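Just below is one structure, and these are the notes that go with it.
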Amino acid sequence: MSEPENITRFNRAVGMTLAVLYEEFPKRITLRVGRVLGLEVNEEDDLLDGSPIPARDGDGNQVTVTYDDLDFALNSVRWLADSGYLLAGQFRGPFFVDDVTLSAKGLELLKCVPSSVDPSASFGDELRTMARSSGQDAMSGLVSTALTTGFRLLVPGA
């Protein structure tokens, strides 16, 4: 049985968020929500009528992004913050989250080494590689494994 589409979208957004923050750690950054989607979004092109917003994908191709896409990504970042995986300041939706970095819990999760991947690579290393190579489909499974591993680390015997 395959995952529901919202879970796949969530896992991709979480994977991209964690990859960005792992690469930037320990800096606190302004996270551009488009980056969570693997896109460069020009916020100045924001059309107040809710029309799709022009963006570029990782290959430089022109695409559009919707407010729903940005809101979904923003809520995925908010879930990570609420769950203690990252520290975040103000959410300036739908485009930005200020003062974001991995929490101690998030960093520990990304330093874990899953048995399903190269034993010399951590979750963080694998996510960074997938984010750079547009491997977002494979990212969903890795994120699911990582979050389950993180849960087991926090709740012994689970």
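The way I read the labels, and the way they are meant: chains A, B, ... in the order of the structure tokens, residue 1 as the first residue of every chain, and ligand 1 as the first ligand shown, with later ones counted on from there.
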
Original post:
Any idea what's packed within 9 Å of stretch 96-111 of chain A, counting only C-alpha atoms, ignoring anything in its chain fewer than 3 positions away? Could you give it as a PyMOL selection string?
Top reply: chain A and resi 18-19+21-22+24-34+74+77+80-81+84-93+121-125+127+146-147+149-150+153

How would the residues just picked look written out with C-alpha atoms as a PDB file, in the first residue's frame?
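Written out: selection_18.pdb:
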ATOM      1  CA  LEU A  18      16.535  19.281   7.278  1.00  0.00           C
ATOM      2  CA  ALA A  19      19.047  19.116   4.404  1.00  0.00           C
ATOM      3  CA  LEU A  21      19.584  23.352   7.934  1.00  0.00           C
ATOM      4  CA  TYR A  22      22.177  20.576   8.205  1.00  0.00           C
ATOM      5  CA  GLU A  24      23.940  25.669   7.189  1.00  0.00           C
ATOM      6  CA  PHE A  25      24.408  24.475  10.797  1.00  0.00           C
ATOM      7  CA  PRO A  26      25.082  26.127  13.260  1.00  0.00           C
ATOM      8  CA  LYS A  27      24.040  29.370  11.577  1.00  0.00           C
ATOM      9  CA  ARG A  28      20.571  30.738  12.189  1.00  0.00           C
ATOM     10  CA  ILE A  29      19.161  31.536   8.785  1.00  0.00           C
ATOM     11  CA  THR A  30      16.105  33.061   7.199  1.00  0.00           C
ATOM     12  CA  LEU A  31      14.590  30.009   5.560  1.00  0.00           C
ATOM     13  CA  ARG A  32      12.965  30.763   2.237  1.00  0.00           C
ATOM     14  CA  VAL A  33       9.964  28.445   2.051  1.00  0.00           C
ATOM     15  CA  GLY A  34      10.418  28.000  -1.708  1.00  0.00           C
ATOM     16  CA  LEU A  74       5.417  26.267   5.758  1.00  0.00           C
ATOM     17  CA  VAL A  77       8.479  23.519   8.839  1.00  0.00           C
ATOM     18  CA  LEU A  80       9.392  20.366  12.741  1.00  0.00           C
ATOM     19  CA  ALA A  81       9.607  23.346  15.111  1.00  0.00           C
ATOM     20  CA  GLY A  84      11.503  20.084  18.631  1.00  0.00           C
ATOM     21  CA  TYR A  85      13.632  19.254  15.581  1.00  0.00           C
ATOM     22  CA  LEU A  86      14.428  22.879  14.860  1.00  0.00           C
ATOM     23  CA  LEU A  87      14.420  26.279  16.497  1.00  0.00           C
ATOM     24  CA  ALA A  88      12.587  29.050  14.687  1.00  0.00           C
ATOM     25  CA  GLY A  89      11.762  32.677  15.161  1.00  0.00           C
ATOM     26  CA  GLN A  90       8.959  34.441  13.330  1.00  0.00           C
ATOM     27  CA  PHE A  91       7.010  32.695  10.576  1.00  0.00           C
ATOM     28  CA  ARG A  92       6.492  35.305   7.849  1.00  0.00           C
ATOM     29  CA  GLY A  93       4.271  33.188   5.674  1.00  0.00           C
ATOM     30  CA  ALA A 121      26.802   8.229   5.839  1.00  0.00           C
ATOM     31  CA  SER A 122      24.436   9.812   8.351  1.00  0.00           C
ATOM     32  CA  PHE A 123      20.810  10.758   7.712  1.00  0.00           C
ATOM     33  CA  GLY A 124      21.985  14.342   7.269  1.00  0.00           C
ATOM     34  CA  ASP A 125      24.615  13.388   4.702  1.00  0.00           C
ATOM     35  CA  LEU A 127      19.489  14.094   2.788  1.00  0.00           C
ATOM     36  CA  ALA A 146      14.692   9.075  10.123  1.00  0.00           C
ATOM     37  CA  LEU A 147      11.595  10.271  11.989  1.00  0.00           C
ATOM     38  CA  THR A 149      14.451   6.390  14.347  1.00  0.00           C
ATOM     39  CA  GLY A 150      14.207   9.740  16.130  1.00  0.00           C
ATOM     40  CA  LEU A 153      15.637   7.357  20.383  1.00  0.00           C
TER      41      LEU A 153
END

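The space separating atom CA of A:Ala131 from atom CA of A:Phe10 comes to 14.5 Å.
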
Original post:
What is the atom CA of A:Met130-atom CA of A:Ile53 distance in Å, reported with one decimal?
Top reply: 25.2 Å

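Separating atom CA of A:Asn61 from atom CA of A:Met16 is a distance of 18.7 Å.
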
Original post:
Excluding same-chain residues fewer than 5 positions from A:Arg56, what lies within 10 Å of it counting only C-alpha atoms, as a ChimeraX atom specification?
Top reply: /A:34,38-42,61-65

Only N, CA, C and O atoms, please: the residues just picked out, written as a short mmCIF file (atom, residue, chain, number, x, y, z; two decimals), in the first residue's frame.
data_model
loop_
_atom_site.label_atom_id
_atom_site.label_comp_id
_atom_site.auth_asym_id
_atom_site.auth_seq_id
_atom_site.Cartn_x
_atom_site.Cartn_y
_atom_site.Cartn_z
N GLY A 34 10.25 28.58 -0.38
CA GLY A 34 10.42 28.00 -1.71
C GLY A 34 11.56 27.00 -1.75
O GLY A 34 11.48 25.98 -2.44
N GLY A 38 12.38 22.94 -3.07
CA GLY A 38 13.41 22.76 -4.09
C GLY A 38 13.31 23.80 -5.19
O GLY A 38 13.76 23.56 -6.31
N LEU A 39 12.71 24.95 -4.88
CA LEU A 39 12.48 25.99 -5.88
C LEU A 39 13.07 27.32 -5.45
O LEU A 39 13.22 27.58 -4.25
N GLU A 40 13.38 28.13 -6.43
CA GLU A 40 13.72 29.53 -6.18
C GLU A 40 12.48 30.33 -6.54
O GLU A 40 12.07 30.35 -7.71
N VAL A 41 11.89 30.95 -5.53
CA VAL A 41 10.68 31.73 -5.73
C VAL A 41 11.02 33.20 -5.57
O VAL A 41 11.63 33.59 -4.57
N ASN A 42 10.63 34.00 -6.55
CA ASN A 42 10.83 35.44 -6.45
C ASN A 42 9.60 36.01 -5.75
O ASN A 42 8.55 36.16 -6.36
N ASN A 61 14.63 25.57 -14.73
CA ASN A 61 13.42 25.61 -15.55
C ASN A 61 12.35 26.47 -14.88
O ASN A 61 12.19 26.44 -13.66
N GLN A 62 11.62 27.21 -15.70
CA GLN A 62 10.53 28.04 -15.21
C GLN A 62 9.35 27.15 -14.81
O GLN A 62 8.92 26.30 -15.58
N VAL A 63 8.87 27.30 -13.59
CA VAL A 63 7.71 26.57 -13.08
C VAL A 63 6.85 27.56 -12.32
O VAL A 63 7.21 28.72 -12.18
N THR A 64 5.71 27.11 -11.84
CA THR A 64 4.90 27.96 -10.98
C THR A 64 4.67 27.23 -9.67
O THR A 64 4.72 26.00 -9.60
N VAL A 65 4.43 28.00 -8.64
CA VAL A 65 4.13 27.45 -7.33
C VAL A 65 2.84 28.12 -6.85
O VAL A 65 2.58 29.28 -7.17
#

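Within stretch 22-107 of chain A, DSSP applied to the backbone places the following residues in alpha helix (DSSP H): Tyr22, Glu23, Glu24, Val33, Gly34, Arg35, Val36, Tyr67, Asp68, Asp69, Leu70, Asp71, Phe72, Ala73, Leu74, Asn75, Ser76, Val77, Arg78, Trp79, Leu80, Ala81, Asp82, Ala104, Lys105, Gly106 and Leu107 of chain A.
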
**OP:** Select from stretch 11-129 of chain A everything DSSP, run on the backbone, classes as strand (DSSP E), then give the selection as a PyMOL selection string.
**Re:** chain A and resi 29-32+40-41+53-56+62-65+86-87+91-92+96-102

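Distances from A:Leu70, A:Pro52, A:Val143, A:Pro4 to A:Phe95 were compared using only C-alpha atoms, and the smallest one belongs to A:Leu70.
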
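Using only C-alpha atoms, the smallest distance between any of A:Leu37, A:Ala55, A:Val20, A:Ala13 and A:Ser76 comes from A:Ala13.
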